[in-house]
file upload01.cif (mmCIF, C-alpha atoms)
data_protein
loop_
_atom_site.group_PDB
_atom_site.id
_atom_site.type_symbol
_atom_site.label_atom_id
_atom_site.label_comp_id
_atom_site.auth_asym_id
_atom_site.auth_seq_id
_atom_site.Cartn_x
_atom_site.Cartn_y
_atom_site.Cartn_z
ATOM 1 C CA LEU A 13 -64.263 -380.279 3.804
ATOM 2 C CA VAL A 14 -67.693 -381.132 5.210
ATOM 3 C CA THR A 15 -68.469 -377.444 5.714
ATOM 4 C CA THR A 16 -67.454 -376.661 2.132
ATOM 5 C CA VAL A 17 -69.603 -379.442 0.672
ATOM 6 C CA LEU A 18 -72.606 -378.421 2.782
ATOM 7 C CA ALA A 19 -72.124 -374.760 1.836
ATOM 8 C CA ILE A 20 -72.099 -375.612 -1.886
ATOM 9 C CA ALA A 21 -75.201 -377.776 -1.491
ATOM 10 C CA TYR A 22 -76.901 -374.976 0.439
ATOM 11 C CA CYS A 23 -76.101 -372.402 -2.255
ATOM 12 C CA LEU A 24 -77.432 -374.705 -4.987
ATOM 13 C CA ALA A 25 -80.625 -375.335 -3.012
ATOM 14 C CA MET A 26 -81.148 -371.615 -2.511
ATOM 15 C CA MET A 27 -80.601 -370.838 -6.201
ATOM 16 C CA LEU A 28 -82.507 -373.773 -7.708
ATOM 17 C CA VAL A 29 -85.318 -374.318 -5.193
ATOM 18 C CA ILE A 30 -85.906 -371.310 -2.950
ATOM 19 C CA ARG A 31 -85.373 -368.642 -5.609
ATOM 20 C CA PRO A 32 -88.097 -369.978 -7.980
ATOM 21 C CA LEU A 33 -90.391 -370.425 -4.983
ATOM 22 C CA LEU A 34 -89.936 -366.800 -3.943
ATOM 23 C CA ALA A 35 -90.523 -365.682 -7.541
ATOM 24 C CA ARG A 36 -93.850 -367.548 -7.648
ATOM 25 C CA LEU A 37 -94.871 -366.091 -4.302
ATOM 26 C CA ALA A 38 -94.085 -362.587 -5.557
ATOM 27 C CA GLU A 39 -96.085 -363.098 -8.751
ATOM 28 C CA ARG A 40 -99.093 -364.526 -6.894
ATOM 29 C CA SER A 41 -99.095 -361.782 -4.293
ATOM 30 C CA PRO A 42 -102.371 -359.818 -4.513
ATOM 31 C CA HIS A 43 -100.386 -356.600 -4.071
ATOM 32 C CA ARG A 44 -97.251 -357.049 -6.145
ATOM 33 C CA ASP A 45 -96.149 -353.445 -5.664
ATOM 34 C CA ALA A 46 -96.694 -353.538 -1.891
ATOM 35 C CA PRO A 47 -96.375 -356.962 -0.237
ATOM 36 C CA PRO A 48 -99.047 -357.610 2.424
ATOM 37 C CA PRO A 49 -98.073 -358.160 6.058
ATOM 38 C CA ASN A 50 -98.374 -361.960 5.820
ATOM 39 C CA MET A 51 -95.972 -361.951 2.870
ATOM 40 C CA VAL A 52 -93.491 -359.799 4.805
ATOM 41 C CA ALA A 53 -93.725 -362.179 7.756
ATOM 42 C CA LEU A 54 -93.123 -365.189 5.478
ATOM 43 C CA VAL A 55 -90.069 -363.569 3.912
ATOM 44 C CA LEU A 56 -88.656 -362.768 7.359
ATOM 45 C CA VAL A 57 -89.152 -366.391 8.403
ATOM 46 C CA PHE A 58 -87.266 -367.540 5.291
ATOM 47 C CA LEU A 59 -84.526 -365.035 6.126
ATOM 48 C CA LEU A 60 -84.105 -366.307 9.678
ATOM 49 C CA VAL A 61 -84.132 -369.941 8.543
ATOM 50 C CA SER A 62 -81.468 -369.165 5.938
ATOM 51 C CA SER A 63 -79.280 -367.505 8.579
ATOM 52 C CA LEU A 64 -79.779 -370.388 10.992
ATOM 53 C CA THR A 65 -78.891 -372.897 8.277
ATOM 54 C CA THR A 66 -75.528 -371.301 7.508
ATOM 55 C CA GLU A 67 -74.814 -371.032 11.233
ATOM 56 C CA LEU A 68 -75.479 -374.770 11.644
ATOM 57 C CA ILE A 69 -73.311 -375.556 8.624
ATOM 58 C CA GLY A 70 -70.409 -373.735 10.229
ATOM 59 C CA ILE A 71 -70.587 -370.429 8.350
ATOM 60 C CA HIS A 72 -71.611 -367.177 9.996
ATOM 61 C CA ALA A 73 -75.336 -366.378 9.931
ATOM 62 C CA LEU A 74 -74.552 -363.163 8.067
ATOM 63 C CA PHE A 75 -73.796 -365.105 4.892
ATOM 64 C CA GLY A 76 -77.157 -366.854 5.002
ATOM 65 C CA ALA A 77 -78.927 -363.515 5.263
ATOM 66 C CA PHE A 78 -76.784 -362.094 2.450
ATOM 67 C CA LEU A 79 -77.476 -365.011 0.104
ATOM 68 C CA PHE A 80 -81.187 -364.754 0.814
ATOM 69 C CA GLY A 81 -81.078 -361.107 -0.234
ATOM 70 C CA VAL A 82 -79.230 -362.060 -3.417
ATOM 71 C CA ILE A 83 -81.870 -364.580 -4.535
ATOM 72 C CA MET A 84 -84.855 -362.320 -3.840
ATOM 73 C CA PRO A 85 -86.928 -361.773 -7.020
ATOM 74 C CA ARG A 86 -86.575 -358.439 -8.768
ATOM 75 C CA THR A 87 -89.984 -358.454 -10.471
ATOM 76 C CA GLY A 88 -91.881 -355.174 -10.297
ATOM 77 C CA ARG A 89 -91.459 -353.212 -7.083
ATOM 78 C CA PHE A 90 -91.843 -356.253 -4.826
ATOM 79 C CA THR A 91 -88.276 -356.349 -3.506
ATOM 80 C CA ARG A 92 -87.991 -352.568 -3.282
ATOM 81 C CA SER A 93 -91.248 -352.279 -1.346
ATOM 82 C CA LEU A 94 -90.165 -355.093 0.956
ATOM 83 C CA ALA A 95 -86.845 -353.358 1.608
ATOM 84 C CA GLU A 96 -88.649 -350.111 2.390
ATOM 85 C CA LYS A 97 -90.817 -351.887 4.965
ATOM 86 C CA ILE A 98 -87.794 -353.408 6.715
ATOM 87 C CA GLU A 99 -85.504 -350.394 6.365
ATOM 88 C CA ASP A 100 -87.073 -348.337 9.151
ATOM 89 C CA LEU A 101 -86.701 -351.185 11.647
ATOM 90 C CA VAL A 102 -83.095 -351.762 10.647
ATOM 91 C CA LEU A 103 -82.042 -348.102 10.718
ATOM 92 C CA THR A 104 -83.817 -347.156 13.939
ATOM 93 C CA ILE A 105 -83.256 -350.266 16.066
ATOM 94 C CA LEU A 106 -80.934 -352.935 14.692
ATOM 95 C CA LEU A 107 -78.163 -350.730 13.267
ATOM 96 C CA PRO A 108 -77.743 -348.552 16.403
ATOM 97 C CA LEU A 109 -77.736 -351.708 18.544
ATOM 98 C CA PHE A 110 -75.009 -353.215 16.356
ATOM 99 C CA PHE A 111 -72.830 -350.109 16.628
ATOM 100 C CA ALA A 112 -73.379 -350.005 20.391
ATOM 101 C CA PHE A 113 -72.515 -353.707 20.624
ATOM 102 C CA SER A 114 -69.308 -353.137 18.641
ATOM 103 C CA GLY A 115 -68.428 -350.166 20.826
ATOM 104 C CA LEU A 116 -68.893 -352.192 24.011
ATOM 105 C CA ARG A 117 -66.489 -354.824 22.662
ATOM 106 C CA THR A 118 -63.846 -352.206 21.853
ATOM 107 C CA GLN A 119 -61.459 -352.000 24.813
ATOM 108 C CA VAL A 120 -59.272 -348.958 24.210
ATOM 109 C CA GLY A 121 -57.626 -349.600 27.577
ATOM 110 C CA LEU A 122 -55.878 -352.622 26.042
ATOM 111 C CA LEU A 123 -53.636 -350.198 24.143
ATOM 112 C CA ASP A 124 -51.580 -349.230 27.169
ATOM 113 C CA THR A 125 -48.056 -349.078 25.745
ATOM 114 C CA PRO A 126 -46.397 -346.749 23.221
ATOM 115 C CA ALA A 127 -45.538 -349.768 21.073
ATOM 116 C CA GLU A 128 -49.201 -350.778 20.777
ATOM 117 C CA TRP A 129 -50.259 -347.242 19.864
ATOM 118 C CA ALA A 130 -47.458 -347.121 17.303
ATOM 119 C CA LEU A 131 -48.716 -350.385 15.826
ATOM 120 C CA CYS A 132 -52.234 -348.936 15.710
ATOM 121 C CA LEU A 133 -50.963 -345.880 13.810
ATOM 122 C CA LEU A 134 -49.039 -348.164 11.463
ATOM 123 C CA ILE A 135 -52.237 -350.133 10.743
ATOM 124 C CA ILE A 136 -54.073 -346.888 9.950
ATOM 125 C CA LEU A 137 -51.237 -345.740 7.665
ATOM 126 C CA VAL A 138 -51.021 -349.035 5.791
ATOM 127 C CA ALA A 139 -54.821 -349.169 5.452
ATOM 128 C CA CYS A 140 -54.926 -345.656 3.986
ATOM 129 C CA LEU A 141 -52.035 -346.265 1.611
ATOM 130 C CA GLY A 142 -53.531 -349.535 0.440
ATOM 131 C CA LYS A 143 -57.000 -348.173 -0.293
ATOM 132 C CA VAL A 144 -56.203 -344.618 -1.385
ATOM 133 C CA GLY A 145 -53.066 -345.557 -3.310
ATOM 134 C CA GLY A 146 -54.557 -348.625 -4.960
ATOM 135 C CA ALA A 147 -57.769 -346.926 -6.063
ATOM 136 C CA ALA A 148 -55.962 -343.738 -7.174
ATOM 137 C CA LEU A 149 -53.468 -345.696 -9.267
ATOM 138 C CA ALA A 150 -56.304 -347.663 -10.834
ATOM 139 C CA GLY A 151 -58.022 -344.386 -11.672
ATOM 140 C CA ARG A 152 -54.854 -343.004 -13.235
ATOM 141 C CA TRP A 153 -54.499 -346.223 -15.227
ATOM 142 C CA MET A 154 -57.964 -345.460 -16.642
ATOM 143 C CA LYS A 155 -56.688 -342.015 -17.756
ATOM 144 C CA MET A 156 -58.456 -340.091 -14.981
ATOM 145 C CA PRO A 157 -56.926 -336.821 -13.712
ATOM 146 C CA TRP A 158 -55.044 -337.075 -10.410
ATOM 147 C CA ARG A 159 -57.711 -335.047 -8.599
ATOM 148 C CA GLU A 160 -60.589 -337.344 -9.561
ATOM 149 C CA ALA A 161 -58.469 -340.466 -9.088
ATOM 150 C CA GLY A 162 -57.487 -339.273 -5.627
ATOM 151 C CA ALA A 163 -61.131 -338.580 -4.774
ATOM 152 C CA ILE A 164 -62.058 -342.144 -5.719
ATOM 153 C CA GLY A 165 -59.254 -343.426 -3.516
ATOM 154 C CA ILE A 166 -60.423 -341.325 -0.569
ATOM 155 C CA LEU A 167 -64.020 -342.487 -0.986
ATOM 156 C CA MET A 168 -62.853 -346.104 -1.165
ATOM 157 C CA ASN A 169 -60.914 -345.585 2.047
ATOM 158 C CA THR A 170 -64.051 -345.467 4.190
ATOM 159 C CA ARG A 171 -64.502 -348.507 6.401
ATOM 160 C CA GLY A 172 -67.796 -348.332 8.230
ATOM 161 C CA LEU A 173 -70.458 -350.964 8.651
ATOM 162 C CA MET A 174 -68.961 -353.848 6.660
ATOM 163 C CA GLU A 175 -65.605 -353.444 8.364
ATOM 164 C CA LEU A 176 -67.262 -353.752 11.779
ATOM 165 C CA VAL A 177 -69.236 -356.792 10.626
ATOM 166 C CA ALA A 178 -66.055 -358.542 9.480
ATOM 167 C CA LEU A 179 -64.187 -357.592 12.660
ATOM 168 C CA ASN A 180 -66.951 -358.896 14.924
ATOM 169 C CA ILE A 181 -67.022 -362.168 13.024
ATOM 170 C CA GLY A 182 -63.243 -362.452 13.315
ATOM 171 C CA LEU A 183 -63.378 -361.768 17.051
ATOM 172 C CA ASP A 184 -66.151 -364.341 17.568
ATOM 173 C CA LEU A 185 -64.172 -366.978 15.669
ATOM 174 C CA GLY A 186 -60.986 -366.199 17.586
ATOM 175 C CA VAL A 187 -59.149 -365.186 14.406
ATOM 176 C CA ILE A 188 -58.161 -361.823 15.909
ATOM 177 C CA SER A 189 -57.429 -360.882 19.504
ATOM 178 C CA PRO A 190 -59.346 -358.217 21.479
ATOM 179 C CA THR A 191 -56.313 -355.930 21.188
ATOM 180 C CA LEU A 192 -56.145 -356.272 17.413
ATOM 181 C CA PHE A 193 -59.925 -355.877 17.258
ATOM 182 C CA THR A 194 -59.599 -352.539 19.062
ATOM 183 C CA MET A 195 -56.847 -351.388 16.698
ATOM 184 C CA MET A 196 -58.882 -352.326 13.644
ATOM 185 C CA VAL A 197 -62.007 -350.601 14.977
ATOM 186 C CA LEU A 198 -60.011 -347.418 15.578
ATOM 187 C CA MET A 199 -58.659 -347.722 12.041
ATOM 188 C CA ALA A 200 -62.222 -348.089 10.700
ATOM 189 C CA LEU A 201 -63.353 -345.013 12.621
ATOM 190 C CA VAL A 202 -60.401 -342.851 11.559
ATOM 191 C CA THR A 203 -60.616 -343.792 7.871
ATOM 192 C CA THR A 204 -64.377 -343.192 7.873
ATOM 193 C CA PHE A 205 -64.299 -339.850 9.695
ATOM 194 C CA MET A 206 -61.452 -338.476 7.586
ATOM 195 C CA THR A 207 -63.298 -338.859 4.284
ATOM 196 C CA SER A 208 -65.434 -335.707 4.321
ATOM 197 C CA PRO A 209 -62.737 -333.338 5.684
ATOM 198 C CA VAL A 210 -60.190 -334.557 3.145
ATOM 199 C CA LEU A 211 -62.656 -334.229 0.264
ATOM 200 C CA ASN A 212 -63.545 -330.705 1.420
ATOM 201 C CA TRP A 213 -59.851 -329.870 1.651
ATOM 202 C CA MET A 214 -59.473 -331.038 -1.947
ATOM 203 C CA GLY A 215 -62.416 -328.847 -2.953
ATOM 204 C CA ILE A 216 -64.586 -331.831 -3.927
ATOM 205 C CA GLY A 217 -66.987 -332.245 -0.992
ATOM 206 C CA GLY A 218 -70.353 -330.568 -1.192
#
call {"tool": "encode", "arguments": {"input": "upload01.cif", "output": "structure tokens"}}
result
Amino acid sequence: LVTTVLAIAYCLAMMLVIRPLLARLAERSPHRDAPPPNMVALVLVFLLVSSLTTELIGIHALFGAFLFGVIMPRTGRFTRSLAEKIEDLVLTILLPLFFAFSGLRTQVGLLDTPAEWALCLLIILVACLGKVGGAALAGRWMKMPWREAGAIGILMNTRGLMELVALNIGLDLGVISPTLFTMMVLMALVTTFMTSPVLNWMGIGG
């Protein structure tokens, strides 16, 4: 209950106080289309403080970073230019480190019985049926042809970065076991890798 109340108060503070402050900073920036280095540094400090705040509240730091991105002003090219400045760092350093970190936590050796491998295959099957079937049926409900509806389902079936983020959070919180974490990571890999071959097989991939 305390965590929920603090989280609501935090969200209100971010929307009502920090968001207008960021908007004023963006408007007063001497280079609105290309934020100067001191502005980039200030935004990064705000980002880290937001993540630390949610971590102290009892929510994962990821949500603080996400909410900070949501409240960023969209005036001019300020946000887009800021994202372009940070993107290279994220794609070349942080993202590979995160994938390597997730890979190091994946212990395939824990799946050492036929029953566990069967359960892993069952998870992959249920995941595919849920995503592909659900999205394809929704597409058919919107009067789309089966081919296009199936393509939407296959594209929705990919589970890459966000799946790994959720799994790592679940493992850190003790919600899932290392064995289940390994099964879910394998499921994420299989459903992601199968997307392009299946689309090519359907004659849709380019």
call {"tool": "residues_around", "arguments": {"input": "upload01.cif", "residues": "segment 18-21 of chain A", "least_positions_apart": "2", "cutoff": "12 Å", "atoms": "all atoms listed in the file", "output": "ChimeraX atom specification"}}
result
/A:13-16,23-29,62,65-72,75-76,79
call {"tool": "resolve_selection", "arguments": {"input": "upload01.cif", "expression": "the PyMOL selection byres ((chain A and resi 191) around 9)", "output": "list in words"}}
result
Thr118, Gln119, Val120, Leu122, Leu123, Glu128, Ile188, Ser189, Pro190, Leu192, Phe193, Thr194, Met195 and Met196 of chain A
call {"tool": "write_last_selection", "arguments": {"input": "upload01.cif", "atoms": "C-alpha atoms", "output": "CSV table (one decimal), keeping the file's coordinate frame"}}
result
chain,number,residue,atom,x,y,z
A,118,THR,CA,-63.8,-352.2,21.9
A,119,GLN,CA,-61.5,-352.0,24.8
A,120,VAL,CA,-59.3,-349.0,24.2
A,122,LEU,CA,-55.9,-352.6,26.0
A,123,LEU,CA,-53.6,-350.2,24.1
A,128,GLU,CA,-49.2,-350.8,20.8
A,188,ILE,CA,-58.2,-361.8,15.9
A,189,SER,CA,-57.4,-360.9,19.5
A,190,PRO,CA,-59.3,-358.2,21.5
A,192,LEU,CA,-56.1,-356.3,17.4
A,193,PHE,CA,-59.9,-355.9,17.3
A,194,THR,CA,-59.6,-352.5,19.1
A,195,MET,CA,-56.8,-351.4,16.7
A,196,MET,CA,-58.9,-352.3,13.6
call {"tool": "atom_distance", "arguments": {"input": "upload01.cif", "atom1": "atom CA of Gly81 of chain A", "atom2": "atom CA of Leu59 of chain A"}}
result
8.2 Å
call {"tool": "residues_around", "arguments": {"input": "upload01.cif", "residues": "Leu137 of chain A", "least_positions_apart": "4", "cutoff": "12 Å", "atoms": "all atoms listed in the file", "output": "list in words"}}
result
Ala130, Leu131, Cys132, Leu133, Leu141, Gly142, Lys143, Val144, Gly145, Asn169, Met196, Leu198, Met199, Ala200, Val202 and Thr203 of chain A
call {"tool": "resolve_selection", "arguments": {"input": "upload01.cif", "expression": "the PyMOL selection byres ((chain A and resi 115) around 12)", "output": "number ranges by chain"}}
result
A: 108-114, 116-120, 176, 179-180, 193-194, 197-198, 201
call {"tool": "closest_residue", "arguments": {"input": "upload01.cif", "among": "A:Ile136, A:Pro48, A:Trp158, A:Val57", "to": "Ser93 of chain A", "atoms": "all atoms listed in the file"}}
result
A:Pro48
call {"tool": "atom_distance", "arguments": {"input": "upload01.cif", "atom1": "atom CA of Leu54 of chain A", "atom2": "atom CA of Leu33 of chain A"}}
result
12.0 Å
call {"tool": "closest_residue", "arguments": {"input": "upload01.cif", "among": "A:Ala35, A:Ala73, A:Arg40, A:Gly162", "to": "Val177 of chain A", "atoms": "only C-alpha atoms"}}
result
A:Ala73
call {"tool": "atom_distance", "arguments": {"input": "upload01.cif", "atom1": "atom CA of Arg89 of chain A", "atom2": "atom CA of Leu74 of chain A"}}
result
24.8 Å
call {"tool": "axis_aligned_box", "arguments": {"input": "upload01.cif", "around": "segment 173-186 of chain A", "padding_each_side": "6 Å", "output": "JSON"}}
result
{"center_x": -65.7, "center_y": -359.0, "center_z": 12.1, "size_x": 21.5, "size_y": 28.0, "size_z": 22.9}
call {"tool": "closest_residue", "arguments": {"input": "upload01.cif", "among": "A:Ile83, A:Val138, A:Met174, A:Met51", "to": "Pro32 of chain A", "atoms": "all atoms listed in the file"}}
result
A:Ile83
